[in-house]
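File shown: upload_22.json. Contents: JSON, C-alpha atoms.
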```json
[["chain", "number", "residue", "atom", "x", "y", "z"],
["A", 1, "MET", "CA", 22.74, -2.32, -23.08],
["A", 2, "SER", "CA", 24.24, -0.91, -19.92],
["A", 3, "GLN", "CA", 24.43, -2.70, -16.59],
["A", 4, "LEU", "CA", 22.78, 0.41, -15.16],
["A", 5, "ASP", "CA", 19.85, 0.64, -17.53],
["A", 6, "ASP", "CA", 17.28, -0.84, -15.15],
["A", 7, "GLN", "CA", 18.68, 0.65, -11.94],
["A", 8, "HIS", "CA", 17.08, 3.36, -9.81],
["A", 9, "LEU", "CA", 20.22, 5.44, -9.36],
["A", 10, "VAL", "CA", 19.31, 8.79, -7.84],
["A", 11, "ARG", "CA", 19.88, 9.34, -4.13],
["A", 12, "GLY", "CA", 17.47, 11.93, -2.82],
["A", 13, "VAL", "CA", 17.37, 15.70, -3.25],
["A", 14, "ASP", "CA", 20.77, 17.29, -3.82],
["A", 15, "HIS", "CA", 19.13, 20.68, -3.44],
["A", 16, "ALA", "CA", 15.86, 22.41, -4.15],
["A", 17, "ALA", "CA", 16.44, 26.12, -4.88],
["A", 18, "PHE", "CA", 14.22, 29.14, -4.29],
["A", 19, "PRO", "CA", 14.68, 32.90, -4.63],
["A", 20, "THR", "CA", 14.49, 35.13, -1.56],
["A", 21, "PHE", "CA", 14.15, 38.87, -1.07],
["A", 22, "ASP", "CA", 14.56, 38.50, 2.70],
["A", 23, "PRO", "CA", 17.87, 36.78, 3.41],
["A", 24, "VAL", "CA", 17.82, 37.89, 7.06],
["A", 25, "GLY", "CA", 14.41, 36.35, 7.70],
["A", 26, "THR", "CA", 15.37, 33.27, 5.71],
["A", 27, "VAL", "CA", 18.47, 32.69, 7.85],
["A", 28, "HIS", "CA", 16.48, 33.31, 11.04],
["A", 29, "PHE", "CA", 13.86, 30.82, 9.95],
["A", 30, "TYR", "CA", 15.98, 27.94, 8.64],
["A", 31, "ARG", "CA", 19.18, 28.28, 10.68],
["A", 32, "ASP", "CA", 18.20, 30.02, 13.91],
["A", 33, "THR", "CA", 14.65, 28.70, 14.39],
["A", 34, "LEU", "CA", 14.66, 25.24, 12.79],
["A", 35, "GLY", "CA", 18.36, 24.67, 13.44],
["A", 36, "PHE", "CA", 19.32, 23.70, 9.89],
["A", 37, "PRO", "CA", 23.09, 24.28, 9.51],
["A", 38, "VAL", "CA", 24.39, 26.47, 6.70],
["A", 39, "VAL", "CA", 26.48, 24.05, 4.65],
["A", 40, "HIS", "CA", 27.48, 25.92, 1.52],
["A", 41, "SER", "CA", 27.31, 29.35, -0.03],
["A", 42, "ILE", "CA", 28.47, 31.04, -3.20],
["A", 43, "CYS", "CA", 29.13, 34.78, -3.56],
["A", 44, "ALA", "CA", 28.92, 35.46, -7.25],
["A", 45, "ALA", "CA", 29.47, 38.65, -9.23],
["A", 46, "GLY", "CA", 26.87, 38.23, -11.95],
["A", 47, "TRP", "CA", 26.47, 35.02, -13.82],
["A", 48, "GLY", "CA", 27.60, 35.17, -17.40],
["A", 49, "SER", "CA", 25.45, 37.92, -18.80],
["A", 50, "ASP", "CA", 25.91, 41.67, -18.29],
["A", 51, "ASP", "CA", 22.56, 42.34, -16.67],
["A", 52, "HIS", "CA", 22.71, 39.48, -14.16],
["A", 53, "PRO", "CA", 22.80, 40.93, -10.63],
["A", 54, "ASP", "CA", 25.40, 39.94, -8.07],
["A", 55, "PHE", "CA", 23.99, 37.27, -5.83],
["A", 56, "ILE", "CA", 24.47, 35.00, -2.85],
["A", 57, "HIS", "CA", 23.47, 31.35, -3.26],
["A", 58, "PHE", "CA", 23.23, 29.70, 0.15],
["A", 59, "PHE", "CA", 22.35, 26.23, 1.33],
["A", 60, "PHE", "CA", 20.87, 24.70, 4.49],
["A", 61, "ASP", "CA", 21.27, 21.05, 5.51],
["A", 62, "ILE", "CA", 17.81, 19.40, 5.65],
["A", 63, "GLY", "CA", 19.11, 15.98, 6.73],
["A", 64, "GLY", "CA", 19.99, 12.86, 4.79],
["A", 65, "GLY", "CA", 22.64, 14.76, 2.84],
["A", 66, "ASP", "CA", 19.88, 16.82, 1.19],
["A", 67, "ARG", "CA", 19.78, 20.63, 1.06],
["A", 68, "VAL", "CA", 17.41, 23.51, 0.54],
["A", 69, "ALA", "CA", 19.02, 26.48, -1.19],
["A", 70, "PHE", "CA", 18.23, 30.15, -1.78],
["A", 71, "PHE", "CA", 19.27, 32.83, -4.23],
["A", 72, "TYR", "CA", 19.50, 36.39, -2.94],
["A", 73, "TYR", "CA", 19.99, 38.88, -5.79],
["A", 74, "PHE", "CA", 21.38, 42.27, -4.68],
["A", 75, "GLY", "CA", 19.20, 45.17, -5.75],
["A", 76, "LEU", "CA", 16.42, 43.07, -7.23],
["A", 77, "GLU", "CA", 12.91, 44.22, -6.33],
["A", 78, "PRO", "CA", 10.18, 41.61, -5.77],
["A", 79, "LEU", "CA", 8.63, 40.50, -9.07],
["A", 80, "SER", "CA", 5.59, 38.81, -7.63],
["A", 81, "GLU", "CA", 2.57, 41.04, -7.00],
["A", 82, "GLY", "CA", -0.49, 38.88, -6.28],
["A", 83, "SER", "CA", -2.17, 38.76, -2.88],
["A", 84, "LYS", "CA", -1.64, 35.00, -2.45],
["A", 85, "GLY", "CA", 1.36, 32.73, -2.90],
["A", 86, "ASP", "CA", 5.04, 33.39, -2.34],
["A", 87, "VAL", "CA", 7.86, 35.57, -3.64],
["A", 88, "TYR", "CA", 8.40, 33.28, -6.63],
["A", 89, "ALA", "CA", 4.81, 32.74, -7.73],
["A", 90, "SER", "CA", 1.78, 34.75, -6.67],
["A", 91, "PHE", "CA", -1.90, 34.60, -7.43],
["A", 92, "GLY", "CA", -4.99, 36.79, -7.19],
["A", 93, "ASP", "CA", -7.71, 36.62, -4.55],
["A", 94, "ASP", "CA", -9.82, 34.39, -6.76],
["A", 95, "THR", "CA", -7.27, 31.54, -6.74],
["A", 96, "PRO", "CA", -8.36, 28.86, -4.26],
["A", 97, "ASP", "CA", -6.07, 28.36, -1.26],
["A", 98, "TRP", "CA", -5.91, 24.59, -1.86],
["A", 99, "PHE", "CA", -4.30, 25.29, -5.22],
["A", 100, "VAL", "CA", -1.83, 27.83, -3.83],
["A", 101, "ARG", "CA", -0.84, 25.36, -1.08],
["A", 102, "SER", "CA", -0.44, 22.43, -3.45],
["A", 103, "ARG", "CA", 3.22, 23.29, -4.06],
["A", 104, "HIS", "CA", 5.22, 22.97, -0.86],
["A", 105, "LEU", "CA", 8.35, 21.49, 0.66],
["A", 106, "ALA", "CA", 7.78, 18.54, 3.04],
["A", 107, "LEU", "CA", 10.61, 17.46, 5.32],
["A", 108, "HIS", "CA", 10.64, 14.06, 6.99],
["A", 109, "VAL", "CA", 11.16, 13.29, 10.69],
["A", 110, "ASP", "CA", 11.31, 9.87, 12.32],
["A", 111, "SER", "CA", 8.88, 10.26, 15.21],
["A", 112, "GLU", "CA", 6.10, 12.25, 16.84],
["A", 113, "GLU", "CA", 8.63, 13.46, 19.42],
["A", 114, "HIS", "CA", 10.83, 14.88, 16.67],
["A", 115, "MET", "CA", 7.88, 16.51, 14.87],
["A", 116, "LEU", "CA", 6.74, 18.13, 18.11],
["A", 117, "GLU", "CA", 10.25, 19.41, 18.77],
["A", 118, "TYR", "CA", 10.05, 21.33, 15.48],
["A", 119, "ARG", "CA", 6.57, 22.47, 16.47],
["A", 120, "ARG", "CA", 8.05, 23.85, 19.71],
["A", 121, "ARG", "CA", 10.81, 25.69, 17.83],
["A", 122, "LEU", "CA", 8.34, 27.21, 15.37],
["A", 123, "ASP", "CA", 5.76, 28.14, 18.00],
["A", 124, "ASP", "CA", 8.48, 30.05, 19.90],
["A", 125, "SER", "CA", 9.31, 32.03, 16.74],
["A", 126, "LYS", "CA", 7.73, 34.56, 14.37],
["A", 127, "TRP", "CA", 6.55, 31.63, 12.24],
["A", 128, "PRO", "CA", 4.27, 29.49, 14.47],
["A", 129, "VAL", "CA", 2.70, 26.27, 13.23],
["A", 130, "GLU", "CA", -0.49, 27.08, 11.29],
["A", 131, "MET", "CA", -1.89, 23.55, 11.02],
["A", 132, "GLN", "CA", -1.24, 20.11, 12.52],
["A", 133, "ILE", "CA", -3.07, 17.42, 10.55],
["A", 134, "GLN", "CA", -3.29, 13.62, 10.50],
["A", 135, "HIS", "CA", -3.63, 12.47, 6.91],
["A", 136, "GLU", "CA", -4.17, 8.85, 5.80],
["A", 137, "THR", "CA", -0.92, 7.44, 7.16],
["A", 138, "ILE", "CA", 1.12, 10.52, 8.06],
["A", 139, "GLU", "CA", 0.92, 13.42, 10.49],
["A", 140, "SER", "CA", 2.22, 16.86, 9.53],
["A", 141, "ILE", "CA", 2.76, 20.38, 10.80],
["A", 142, "TYR", "CA", 2.75, 23.35, 8.44],
["A", 143, "THR", "CA", 3.93, 26.90, 8.39],
["A", 144, "HIS", "CA", 5.10, 29.46, 5.83],
["A", 145, "ASP", "CA", 8.70, 30.66, 5.75],
["A", 146, "PRO", "CA", 9.54, 34.40, 5.47],
["A", 147, "ASN", "CA", 9.33, 34.12, 1.67],
["A", 148, "GLY", "CA", 5.79, 32.72, 1.70],
["A", 149, "TYR", "CA", 6.94, 29.19, 0.84],
["A", 150, "MET", "CA", 4.86, 26.56, 2.61],
["A", 151, "VAL", "CA", 6.97, 24.19, 4.67],
["A", 152, "GLU", "CA", 5.63, 20.89, 6.02],
["A", 153, "ILE", "CA", 7.32, 18.65, 8.57],
["A", 154, "THR", "CA", 5.87, 15.15, 8.45],
["A", 155, "ARG", "CA", 6.15, 11.79, 10.18],
["A", 156, "ALA", "CA", 4.82, 8.38, 9.16],
["A", 157, "LEU", "CA", 2.12, 6.93, 11.42],
["A", 158, "ARG", "CA", 3.24, 3.48, 10.28],
["A", 159, "PRO", "CA", 5.59, 2.01, 7.65],
["A", 160, "VAL", "CA", 4.33, 1.86, 4.07],
["A", 161, "THR", "CA", 3.09, -1.65, 3.25],
["A", 162, "PRO", "CA", 3.98, -3.51, 0.01],
["A", 163, "GLN", "CA", 0.34, -3.47, -1.11],
["A", 164, "GLU", "CA", 0.37, 0.33, -0.99],
["A", 165, "ASP", "CA", 3.19, 0.32, -3.54],
["A", 166, "LEU", "CA", 1.10, -1.96, -5.77],
["A", 167, "ASP", "CA", -1.95, 0.26, -5.29],
["A", 168, "ALA", "CA", 0.02, 3.40, -6.11],
["A", 169, "ASN", "CA", 1.26, 1.85, -9.33],
["A", 170, "LEU", "CA", -2.22, 0.68, -10.36],
["A", 171, "THR", "CA", -3.57, 4.18, -9.65],
["A", 172, "ILE", "CA", -0.92, 5.82, -11.80],
["A", 173, "ASN", "CA", -1.29, 3.27, -14.61],
["A", 174, "ALA", "CA", -5.04, 3.94, -14.57],
["A", 175, "LEU", "CA", -4.46, 7.70, -14.52],
["A", 176, "VAL", "CA", -2.12, 7.51, -17.52],
["A", 177, "ASP", "CA", -4.73, 5.42, -19.36],
["A", 178, "ILE", "CA", -7.63, 7.85, -18.80],
["A", 179, "ALA", "CA", -6.25, 11.34, -18.12],
["A", 180, "ASN", "CA", -6.24, 12.44, -21.76],
["A", 181, "GLU", "CA", -9.82, 11.34, -22.38],
["A", 182, "PRO", "CA", -12.14, 14.36, -22.58],
["A", 183, "GLY", "CA", -13.93, 14.97, -19.29],
["A", 184, "ALA", "CA", -12.28, 12.04, -17.51],
["A", 185, "GLY", "CA", -12.66, 12.27, -13.74],
["A", 186, "MET", "CA", -12.47, 10.13, -10.64],
["A", 187, "ASP", "CA", -15.18, 7.78, -11.93],
["A", 188, "ALA", "CA", -13.22, 6.95, -15.09],
["A", 189, "LEU", "CA", -10.09, 6.38, -12.99],
["A", 190, "LEU", "CA", -11.81, 4.03, -10.52],
["A", 191, "VAL", "CA", -13.42, 2.01, -13.32],
["A", 192, "ARG", "CA", -10.08, 1.61, -15.11],
["A", 193, "LYS", "CA", -8.30, 0.83, -11.85],
["A", 194, "ALA", "CA", -10.82, -1.91, -11.03],
["A", 195, "GLU", "CA", -9.89, -3.57, -14.33],
["A", 196, "LEU", "CA", -6.20, -3.38, -13.44],
["A", 197, "ILE", "CA", -6.86, -4.78, -9.94],
["A", 198, "VAL", "CA", -8.63, -7.79, -11.46],
["A", 199, "GLN", "CA", -5.75, -8.28, -13.91],
["A", 200, "ARG", "CA", -2.88, -7.85, -11.46],
["A", 201, "ALA", "CA", -3.77, -8.20, -7.78],
["A", 202, "GLU", "CA", -3.87, -11.99, -7.40],
["A", 203, "GLU", "CA", -0.67, -12.51, -9.38],
["A", 204, "TRP", "CA", 1.03, -9.80, -7.30],
["A", 205, "GLU", "CA", -0.01, -11.58, -4.10],
["A", 206, "ARG", "CA", 1.42, -14.87, -5.34],
["A", 207, "GLU", "CA", 4.66, -13.14, -6.23],
["A", 208, "GLN", "CA", 4.84, -11.59, -2.76],
["A", 209, "ALA", "CA", 4.37, -15.01, -1.14],
["A", 210, "GLU", "CA", 7.40, -16.30, -3.07],
["A", 211, "VAL", "CA", 9.73, -13.54, -1.87],
["A", 212, "PRO", "CA", 11.28, -14.32, 1.54],
["A", 213, "ALA", "CA", 10.53, -11.59, 4.07],
["A", 214, "THR", "CA", 14.26, -11.15, 4.77],
["A", 215, "ALA", "CA", 14.89, -10.38, 1.09],
["A", 216, "LEU", "CA", 12.13, -7.76, 1.12],
["A", 217, "GLU", "CA", 13.69, -6.03, 4.10],
["A", 218, "ALA", "CA", 17.17, -6.11, 2.62],
["A", 219, "SER", "CA", 16.32, -4.91, -0.86],
["A", 220, "PRO", "CA", 16.47, -1.22, -1.73],
["A", 221, "LYS", "CA", 13.15, 0.38, -2.51],
["A", 222, "GLY", "CA", 12.75, 0.34, -6.27],
["A", 223, "PRO", "CA", 9.95, 0.61, -8.79],
["A", 224, "VAL", "CA", 7.03, -1.80, -8.60],
["A", 225, "HIS", "CA", 6.24, -3.11, -12.05],
["A", 226, "ALA", "CA", 2.49, -3.47, -11.90],
["B", 1, "MET", "CA", -16.36, -14.15, -11.73],
["B", 2, "ASN", "CA", -20.04, -13.55, -11.23],
["B", 3, "GLY", "CA", -22.30, -10.76, -12.45],
["B", 4, "ARG", "CA", -22.36, -8.91, -9.17],
["B", 5, "ARG", "CA", -21.19, -5.35, -8.97],
["B", 6, "ARG", "CA", -18.01, -4.65, -7.05],
["B", 7, "LEU", "CA", -16.37, -1.93, -5.00],
["B", 8, "PHE", "CA", -12.64, -2.39, -4.31],
["B", 9, "ILE", "CA", -10.92, -1.22, -1.12],
["B", 10, "LEU", "CA", -7.20, -1.72, -0.40],
["B", 11, "ASP", "CA", -6.53, -3.99, 2.59],
["B", 12, "VAL", "CA", -4.51, -1.72, 4.89],
["B", 13, "PRO", "CA", -5.10, -1.26, 8.62],
["B", 14, "GLU", "CA", -6.90, 2.09, 8.16],
["B", 15, "ASN", "CA", -9.51, 0.53, 5.86],
["B", 16, "GLU", "CA", -10.32, -2.55, 7.94],
["B", 17, "ALA", "CA", -13.19, -0.84, 9.77],
["B", 18, "ILE", "CA", -14.77, 0.15, 6.44],
["B", 19, "ALA", "CA", -14.64, -3.42, 5.15],
["B", 20, "SER", "CA", -16.01, -4.62, 8.48],
["B", 21, "VAL", "CA", -19.03, -2.29, 8.33],
["B", 22, "ALA", "CA", -19.66, -3.35, 4.72],
["B", 23, "ARG", "CA", -19.49, -7.02, 5.72],
["B", 24, "ASP", "CA", -22.35, -6.55, 8.18],
["B", 25, "LEU", "CA", -24.68, -4.97, 5.61],
["B", 26, "PRO", "CA", -27.59, -7.06, 4.28],
["B", 27, "ASN", "CA", -27.10, -8.61, 0.83],
["B", 28, "VAL", "CA", -23.41, -7.66, 0.81],
["B", 29, "GLU", "CA", -20.42, -9.98, 0.70],
["B", 30, "VAL", "CA", -16.85, -8.88, 1.29],
["B", 31, "ASN", "CA", -14.29, -11.08, -0.45],
["B", 32, "LYS", "CA", -10.62, -10.66, -1.37],
["B", 33, "ILE", "CA", -8.72, -10.30, -4.64],
["B", 34, "GLY", "CA", -5.03, -10.11, -3.83],
["B", 35, "PRO", "CA", -4.54, -7.34, -1.26],
["B", 36, "TYR", "CA", -7.95, -5.78, -1.96],
["B", 37, "PHE", "CA", -11.28, -6.14, -0.20],
["B", 38, "VAL", "CA", -14.03, -6.65, -2.76],
["B", 39, "VAL", "CA", -17.44, -5.43, -1.60],
["B", 40, "GLU", "CA", -19.91, -7.36, -3.76],
["B", 41, "SER", "CA", -23.66, -7.00, -4.01],
["B", 42, "ASP", "CA", -26.62, -7.16, -6.37],
["B", 43, "VAL", "CA", -28.27, -4.18, -4.71],
["B", 44, "PRO", "CA", -26.99, -0.63, -4.06],
["B", 45, "VAL", "CA", -24.64, -0.38, -1.07],
["B", 46, "SER", "CA", -24.44, 2.42, 1.50],
["B", 47, "ILE", "CA", -21.64, 2.52, 4.09],
["B", 48, "ASP", "CA", -22.17, 4.83, 7.08],
["B", 49, "ARG", "CA", -19.04, 6.86, 7.79],
["B", 50, "ARG", "CA", -19.67, 7.27, 11.50],
["B", 51, "ALA", "CA", -20.12, 3.52, 11.92],
["B", 52, "THR", "CA", -16.61, 3.04, 10.48],
["B", 53, "GLY", "CA", -15.03, 5.57, 12.85],
["B", 54, "VAL", "CA", -12.35, 6.44, 10.29],
["B", 55, "ARG", "CA", -10.72, 9.85, 9.93],
["B", 56, "HIS", "CA", -11.79, 12.05, 7.03],
["B", 57, "ALA", "CA", -8.51, 11.64, 5.14],
["B", 58, "VAL", "CA", -8.94, 7.85, 5.25],
["B", 59, "TRP", "CA", -12.62, 8.03, 4.36],
["B", 60, "TYR", "CA", -12.12, 10.21, 1.31],
["B", 61, "SER", "CA", -9.38, 8.00, -0.13],
["B", 62, "CYS", "CA", -10.70, 4.52, 0.65],
["B", 63, "VAL", "CA", -12.14, 3.54, -2.75],
["B", 64, "ALA", "CA", -9.68, 1.74, -5.02],
["B", 65, "GLY", "CA", -11.94, 0.69, -7.87],
["B", 66, "LEU", "CA", -15.48, 0.40, -9.24],
["B", 67, "ALA", "CA", -16.84, -2.42, -11.39],
["B", 68, "GLY", "CA", -20.50, -2.07, -12.35],
["B", 69, "TRP", "CA", -21.25, 0.53, -9.69],
["B", 70, "ARG", "CA", -20.94, 4.27, -9.75],
["B", 71, "ILE", "CA", -20.56, 6.47, -6.67],
["B", 72, "VAL", "CA", -23.77, 8.41, -5.98],
["B", 73, "GLN", "CA", -22.80, 9.81, -2.55],
["B", 74, "TRP", "CA", -19.39, 10.20, -0.88],
["B", 75, "ASP", "CA", -19.53, 12.75, 1.90],
["B", 76, "LYS", "CA", -19.23, 13.07, 5.68],
["B", 77, "ASP", "CA", -22.30, 10.89, 6.15],
["B", 78, "ALA", "CA", -21.98, 7.97, 3.77],
["B", 79, "LEU", "CA", -20.39, 6.28, 0.79],
["B", 80, "ARG", "CA", -23.20, 5.05, -1.44],
["B", 81, "VAL", "CA", -22.90, 3.26, -4.76],
["B", 82, "GLY", "CA", -25.73, 2.77, -7.21],
["B", 83, "GLU", "CA", -26.62, 1.63, -10.68],
["B", 84, "ARG", "CA", -24.31, 2.82, -13.40]]
```
Show me this structure written as structure tokens.
Amino acid sequence: MSQLDDQHLVRGVDHAAFPTFDPVGTVHFYRDTLGFPVVHSICAAGWGSDDHPDFIHFFFDIGGGDRVAFFYYFGLEPLSEGSKGDVYASFGDDTPDWFVRSRHLALHVDSEEHMLEYRRRLDDSKWPVEMQIQHETIESIYTHDPNGYMVEITRALRPVTPQEDLDANLTINALVDIANEPGAGMDALLVRKAELIVQRAEEWEREQAEVPATALEASPKGPVHA
Amino acid sequence: MNGRRRLFILDVPENEAIASVARDLPNVEVNKIGPYFVVESDVPVSIDRRATGVRHAVWYSCVAGLAGWRIVQWDKDALRVGER
């Protein structure tokens, strides 16, 4: 047994890395338009094997100590040929847009004012905001970077409540229980989740009542054991 | 625990209007289990979306659970549950 074995130890995104075939556009988008500082770069002659191209690996600060990073390989031609998607993964015309858009990078801001400041920067650039949408409890703007990667900038309309953490855990427990059943869909999930709500919700509420509000505010956000 | 069929909705500010519209329907009771509204009835329930005034993203994610009911309509007009 380790003293760490029940601790949630990771601290955000060190970096998420993507290839680019347009380093100039990428720098114009992230550094010059959005204002994300360049914080690190590596100029590497190959990488171990003979046929690995020389490359530049460069990083932009996305706040909170987190970074988005790119690989630019000298002399490499684009490998992705479909009409939809981005330079890493592309798809044919018959792939639905909602699927293509499902993979994206969402960056957090603290307020509407801050989100709209990024909207202003993007709208003054070659990459204007394509959508501004209020979801359940967040509002987001979206565009695509020069590589075709979808970038979202999002703000919370209100803080997440403790019951939403419970609900998320019951949803995922129900999903794990039913997802491998043949043909299982939303109906199977909602039926299983209702069973879990009946089993857990009242006990959870009693537990919440026993925790002083000050302790809730002071404690780091960790897993909810539903 | 009675034999009535139940529809569960999480009690968060966005869902309050939905629970409120359900509460005003005939033959429907809205109770609580922990942080969930429980819409209970012996007869099929239909909630009018426009009466709730909620945004689409809220509307299409408001159902947390089904006990006894199945969803027979969930679109821009209404959320309707019926016999399973």
What are the nearest atom pairs, with distances in Å to one decimal, for all residues of chain B that come at most 6 Å from chain A, using all atoms listed in the file, set out by chain and rising residue number as JSON lines?
```
{"residue": "B:Ile33", "atom": "CA", "partner": "A:Glu202", "partner_atom": "CA", "distance": 5.8}
{"residue": "B:Gly34", "atom": "CA", "partner": "A:Glu202", "partner_atom": "CA", "distance": 4.2}
{"residue": "B:Ala57", "atom": "CA", "partner": "A:Glu136", "partner_atom": "CA", "distance": 5.2}
{"residue": "B:Val58", "atom": "CA", "partner": "A:Glu136", "partner_atom": "CA", "distance": 4.9}
{"residue": "B:Gly65", "atom": "CA", "partner": "A:Ala194", "partner_atom": "CA", "distance": 4.2}
{"residue": "B:Leu66", "atom": "CA", "partner": "A:Val191", "partner_atom": "CA", "distance": 4.8}
{"residue": "B:Ala67", "atom": "CA", "partner": "A:Val191", "partner_atom": "CA", "distance": 5.9}
```
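In terms of minimum interatomic distance to Glu14 in chain B, B:Gly53 ranks closest within B:Gly53, B:Pro44, B:Pro26, B:Pro35, counting all atoms listed in the file.
Picture a line from CA of Ile62 in chain A to CA of Tyr30 in chain A; it runs 9.2 Å.
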Around all the atoms of range 66-71 of chain B listed in the file, draw an axis-aligned box and extend it by 4 Å on each of the six sides; I want its centre and edge lengths in Å to one decimal, as AutoDock Vina command-line options.
```
--center_x -18.4 --center_y 2.0 --center_z -9.5 --size_x 13.8 --size_y 16.9 --size_z 13.7
```
So that I can see what lies close to Asn31 in chain B, please list as an NGL selection string the residues with an atom at most 10 Å from it, counting all atoms listed in the file and leaving out residues fewer than 5 positions away in the same chain. :B and (6 or 8 or 19 or 23 or 36-40)
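For Gly64 in chain A, the list of residues within 10 Å, based on all atoms listed in the file and with local chain neighbours fewer than 4 positions off taken out, reads Arg11, Gly12, Val13, Asp14 and His108 of chain A.
Of the residues under consideration (B:Val63, B:Gly82, B:Ala17, B:Lys76), B:Gly82 shows the shortest atom-to-atom contact distance to Val45 in chain B when counting only C-alpha atoms.
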With a distance cut-off of 10 Å and only C-alpha atoms, select the neighbouring residues of Pro23 in chain A, excluding the residue or stretch itself and same-chain residues fewer than 3 positions from it, and output the selection as a list of chain:residue names. A:Pro19, A:Thr20, A:Thr26, A:Val27, A:His28, A:Phe29, A:Ile56, A:Phe58, A:Phe70, A:Phe71, A:Tyr72, A:Tyr73, A:Pro146, A:Asn147
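Put simply, CA of Val24 in chain A is 24.7 Å away from CA of Met131 in chain A.
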Pick the closest to Trp59 in chain B from B:Val12, B:Val30, B:Ala78, B:Ala22: which is it, counting all atoms listed in the file? B:Ala78
Contact residues around Arg103 in chain A with only C-alpha atoms at 10 Å, ignoring same-chain residues under 6 positions, as an MDAnalysis selection string: chainID A and resid 85 149:151
